[in-house]
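One structure below.
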Amino acid sequence: MNIKCIRTHHVRCNLDNPFGFSQWYYDQRNVLIVEIIADNGVTGWGECYGPAAVIEAAIEKFYASKILGMNILSTEAIWHFMWRASLDFSRSGIMMAAMSGIDMALWDAKGKALNQSVGQLMGGSSRDKVPCYATGMYFRDLPEDNLLEVLVDEAVSYAKQGFKAMKIKIGKNPNFDEKLIVAMRKALPKTILAADSNHAYDLPEAIKIARILDDNDYAWFEEPLSPEHPDLFTKLHEKSNIAIATGECEQTRYGFQRLISAGGVQLIQADLGYCGGISEALKIRAIASSNGLNMIPHVWGTQLNLAAATHFLSTSYSEPGRAEEKPLFLEYDRTENPLRDELYTTNVEVLNGHAIVPKGVGLGVEIDAKRLKEFTVKQTEKVLAEG
């Protein structure tokens with residue numbers, strides 16, 4: 001069962017309603033999907049988080065030719081082979097995002113080859129559904145009074161759909177952020193709320209916002225500070241009570257070890273399409289657990305990353321454990337995304353605020369070949385030479 005072919009598919013769609021957060025606005029969705037085919041016909045699919053065109057080059061020009069011919073079941077061996085191949089010049093960043101998509105595809109293929117779900121390969125699912133939090137409430141190009149009303153109405157609509165938890169975007173400006181935090185809690189007094197600033201604040205601003213979030217009973221404060229200054233998380237934690245969450249910008253067990261060792265962080269959020277893939281995410285979870293912390297993946301992109309995160313959380317145990325289980329919520333992005341909603345014939349089903357763990361082999365989601373062709377703006381292919 002050796003790797004015979006590796007393809008990348010850069011898929012893209014334009015958005016009818018552009019949206020933004022603290023750092024920039026989106027008017028398109030771009031994702032790099034990785035397809036790996038074994039010599040017996042077994043195919044695995046993965047996806048990468050990050051700039052698709054750049055990651056595409058990393059796979060096509062560097063990794064693909066190196067791993068052709070390797071045993072598709074040897075996920076750990078292939079991961080470390082790729083790691084050593086680029087260690088001297090790329091211990092993180094785009095190259096690791098490329099490795100993540102390859103690794104995810106290998107796990108999908110491995111599950112199909114062994115007639116097992118990825119959750120079973122991770123150690124066995126302990127639940128058949130995972131509670132979700134709805135991510136949304138992104139900024140629009142509206143006057144602030146109108147924007148506030150639109151965002152609150154959006155959040156209320158998710159509550160009506162059955163979501164018991166959701167995450168809002170802050171980081172527009174501190175005055176607006178405070179109004180939004182208070183308005184959301186007033187509109188949704190019984191909903192679990194969290195807030196994500198995408199590293200918009202300096203330390204004094206973050207301290208002020210953290211106290212407002214705590215006063216309004218928010219569950220966590222996500223990316224309050226720049227990932228370039230992990231030492232500041234401890235200073236923020238010393239001045240506030242709210243849990244601090246971060247990690248979507250971090251990669252590998254080594255990076256997360258440094259982040260956790262710096263202190264101040266209570267919730268780890270590695271992205272399985274960026275942190276090093278499923279293989280590395282399991283190690284990151286172990287490091288988090290050994291420090292008494294929980295990991296819930298950051299999820300962005302299409303059904304492949306969503307399915308990987310769903311399986312991951314289906315196998316998770318909350319720290320430290322208790323008689324009534326602490327829920328570990330799956331991030332469920334609710335923004336406009338045809339690449340997530342129209343590209344697959346089999347999706348992760350979400351009902352009444354819960355994701356149903358896929359029962360099929362591998363990741364358990366299936367790509368529509370016709371729609372893939374329609375969305376693809378570029379495809380690359382590397383094939384094992386015969387003989």
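The chains in the structure tokens are called A, B, ... from first to last as shown; in each chain the residues are counted from 1, and the ligands are counted from 1 in the order shown.
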
For Lys172 in chain A, find every residue with an atom within 8 Å (counting only C-alpha atoms), except residues of its own chain fewer than 4 positions away, and show them as a VMD selection string. chain A and resid 21 to 22 139 176 to 177

Next on the checklist: With only C-alpha atoms as the counted atoms, please give the residues lying no more than 6 Å from Gly101 in chain A, apart from itself and same-chain residues fewer than 6 positions off, as a VMD selection string.
Outcome noted: chain A and resid 46 to 48 273

Within 9 Å of range 179-185 of chain A, counting only C-alpha atoms, which residues qualify if same-chain residues fewer than 3 places away don't, as a PyMOL selection string? chain A and resi 148-149+151-152+155-156+168+170+174-176+188-191+193+195+212-213+216-218

Report task. Do a neighbour search on Ile207 in chain A at 8 Å with only C-alpha atoms, toss out local chain neighbours closer than 5 positions, and write the hits as an NGL selection string. Result -> :A and (236 or 239-240)

Taking the chain letters and numbering used in this document, name the residues of range 111-340 of chain A that DSSP puts in strand (DSSP E), as a ChimeraX atom specification. /A:129-135,165-169,192-196,220-222,243-246,267-268,294-295,330-333

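Counting only C-alpha atoms, Glu250 in chain A has the following residues at most 8 Å away, ignoring those fewer than 3 positions along the same chain: Pro227, Gly247, Gly255, Phe256, Ala270 and Cys275 of chain A.
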
At a cut-off of 12 Å, can you tabulate as CSV every residue of range 9-118 of chain A near range 327-341 of chain A together with its closest atom pair and the distance in Å to one decimal, using only C-alpha atoms and ordering rows by chain then number?
residue,atom,partner,partner_atom,distance
A:His10,CA,A:Leu339,CA,11.0
A:Val11,CA,A:Leu339,CA,7.6
A:Arg12,CA,A:Leu339,CA,7.4
A:Cys13,CA,A:Pro338,CA,7.0
A:Asn14,CA,A:Pro338,CA,8.8
A:Leu15,CA,A:Glu336,CA,6.9
A:Asp16,CA,A:Glu336,CA,8.0
A:Asn17,CA,A:Glu336,CA,7.6
A:Pro18,CA,A:Glu336,CA,8.6
A:Phe19,CA,A:Thr335,CA,8.3
A:Gly20,CA,A:Thr335,CA,10.4
A:Phe21,CA,A:Thr335,CA,11.9
A:Tyr26,CA,A:Glu336,CA,10.3
A:Asp27,CA,A:Glu336,CA,10.1
A:Gln28,CA,A:Asn337,CA,8.9
A:Arg29,CA,A:Asn337,CA,7.0
A:Asn30,CA,A:Leu339,CA,8.4
A:Val31,CA,A:Leu339,CA,8.1
A:Leu32,CA,A:Leu339,CA,10.7
A:Ile33,CA,A:Leu339,CA,10.7
A:Glu47,CA,A:Arg340,CA,11.5
